[in-house]
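Trainee: Right, I'll just put the structure down here and ask away after.
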Amino acid sequence: MEQISQMFLNFIDAYGYVAVAVLMAMENACIPVPSELILGFAGYLVFAERMTFGGAIVAGMIGGMLGSIFAYVVGHTGGRKFVDKYGKYFLIKKSHVDLAQRWFDKYGIRAVFFSRMLPVVRTFISLPAGFAHVNFKAFLFYTFAGSLPWTALILCAGVFLGENWKYLLEIGHEASIAFIVIFVAVIAIIYFRGRRKK
């Protein structure tokens with residue numbers, strides 16, 4: 001795994017924004033490439049002034065959206081049986097798809113938004129959305145709305161940590177949970193303040 005991670009880092013180091021987009025597409029197409037690795041290192045490159053923050057966000061979002069669309073189309077056209085049969089050839093674990101399916105069954109299309117900030121589920125949530133044939137425009141909206149804050153957060157963390165960016169790999173799951181708790185709290189505060197003003 002360490003050798004594979006280093007290969008990804010070398011890829012980003014050599015090809016910059018294109019590599020960030022390609023790897024984020026892979027992650028969101030259900031190929032297990034940790035976004036903390038991709039975006040954390042991209043954040044470090046911003047810190048080292050070898051990338052711009054805006055360029056890294058755009059690359060990450062383009063890749064993430066394309067990968068999510070691909071996974072949605074696979075789920076939509078192939079269904080669960082297809083994924084269970086052939087997913088193993090792409091390192092897709094049935095238990096991970098089951099986890100994403102439970103989230104989707106419980107929260108519906110809203111799961112596409114919140115799960116983008118959670119470990120494991122964010123990688124696979126597009127599949128059950130495709131299985132359920134949810135409205136494609138709604139899927140794109142929730143995917144974009146959930147992916148943007150997560151992409152920006154990990155990039156910011158990479159920039160802030162600088163040469164210590166690899167710390168993100170150790171706390172990635174905890175950071176995800178903390179982020180979604182804070183995010184939900186902020187949304188709730190804004191919502192209740194708006195209601196009180198009305």
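Simple scheme: letters A, B, ... for chains in structure tokens order, numbers from 1 for residues in each chain, numbers from 1 for ligands in the order shown.
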Enumerate as a ChimeraX atom specification all residues of segment 12-184 of chain A assigned to helix (DSSP H, G or I) by DSSP on the backbone, naming them with the chain letters and numbers the document uses.
Mentor: /A:12-28,35-47,53-90,94-107,110-117,121-124,126-131,136-164,167-184
Trainee: Report as a tab-separated table the residues of segment 89-187 of chain A within 12 Å of segment 62-66 of chain A, each with its shortest atom pair and distance in Å (one decimal), using only C-alpha atoms, ordered by chain and increasing residue number.
Mentor:
```
residue	atom	partner	partner_atom	distance
A:Arg116	CA	A:Gly64	CA	10.2
A:Arg122	CA	A:Gly64	CA	10.5
A:Thr123	CA	A:Gly64	CA	9.6
A:Ser126	CA	A:Met65	CA	10.4
A:Phe139	CA	A:Met65	CA	10.4
A:Leu140	CA	A:Met65	CA	7.8
A:Phe141	CA	A:Met65	CA	10.2
A:Tyr142	CA	A:Met65	CA	10.7
A:Thr143	CA	A:Met65	CA	7.2
A:Phe144	CA	A:Met65	CA	7.0
A:Ala145	CA	A:Met65	CA	10.7
A:Gly146	CA	A:Met65	CA	10.8
A:Ser147	CA	A:Gly64	CA	7.6
A:Leu148	CA	A:Gly64	CA	9.5
A:Trp150	CA	A:Gly64	CA	11.0
A:Thr151	CA	A:Gly64	CA	9.1
```
Trainee: For the residues in the current selection, export C-alpha atoms as a PDB file, in the first residue's frame.
Mentor:
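Contents of result.pdb, freshly written:
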```
ATOM      1  CA  ARG A 116     -19.551  13.087   0.656  1.00  0.00           C
ATOM      2  CA  ARG A 122     -18.480   8.996   0.178  1.00  0.00           C
ATOM      3  CA  THR A 123     -16.655   6.731  -2.264  1.00  0.00           C
ATOM      4  CA  SER A 126     -23.161   7.050  -6.132  1.00  0.00           C
ATOM      5  CA  PHE A 139     -27.885  13.697  -7.980  1.00  0.00           C
ATOM      6  CA  LEU A 140     -25.498  16.204  -9.578  1.00  0.00           C
ATOM      7  CA  PHE A 141     -26.679  19.003  -7.301  1.00  0.00           C
ATOM      8  CA  TYR A 142     -26.256  17.037  -4.061  1.00  0.00           C
ATOM      9  CA  THR A 143     -22.947  15.581  -5.218  1.00  0.00           C
ATOM     10  CA  PHE A 144     -21.535  19.033  -5.992  1.00  0.00           C
ATOM     11  CA  ALA A 145     -22.937  20.595  -2.802  1.00  0.00           C
ATOM     12  CA  GLY A 146     -21.447  17.847  -0.629  1.00  0.00           C
ATOM     13  CA  SER A 147     -18.117  17.517  -2.444  1.00  0.00           C
ATOM     14  CA  LEU A 148     -17.163  21.203  -2.516  1.00  0.00           C
ATOM     15  CA  TRP A 150     -14.968  18.497   1.745  1.00  0.00           C
ATOM     16  CA  THR A 151     -12.545  19.227  -1.120  1.00  0.00           C
TER      17      THR A 151
END
```
Trainee: Can you tell me how far atom CA of Gly43 of chain A sits from atom CA of Ser68 of chain A, in Å to one decimal?
Mentor: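 Spanning atom CA of Gly43 of chain A to atom CA of Ser68 of chain A is a straight-line distance of 22.0 Å.
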Trainee: To one decimal place in Å, what is the distance between atom CA of Arg80 of chain A and atom CA of Ile38 of chain A?
Mentor: 28.5 Å
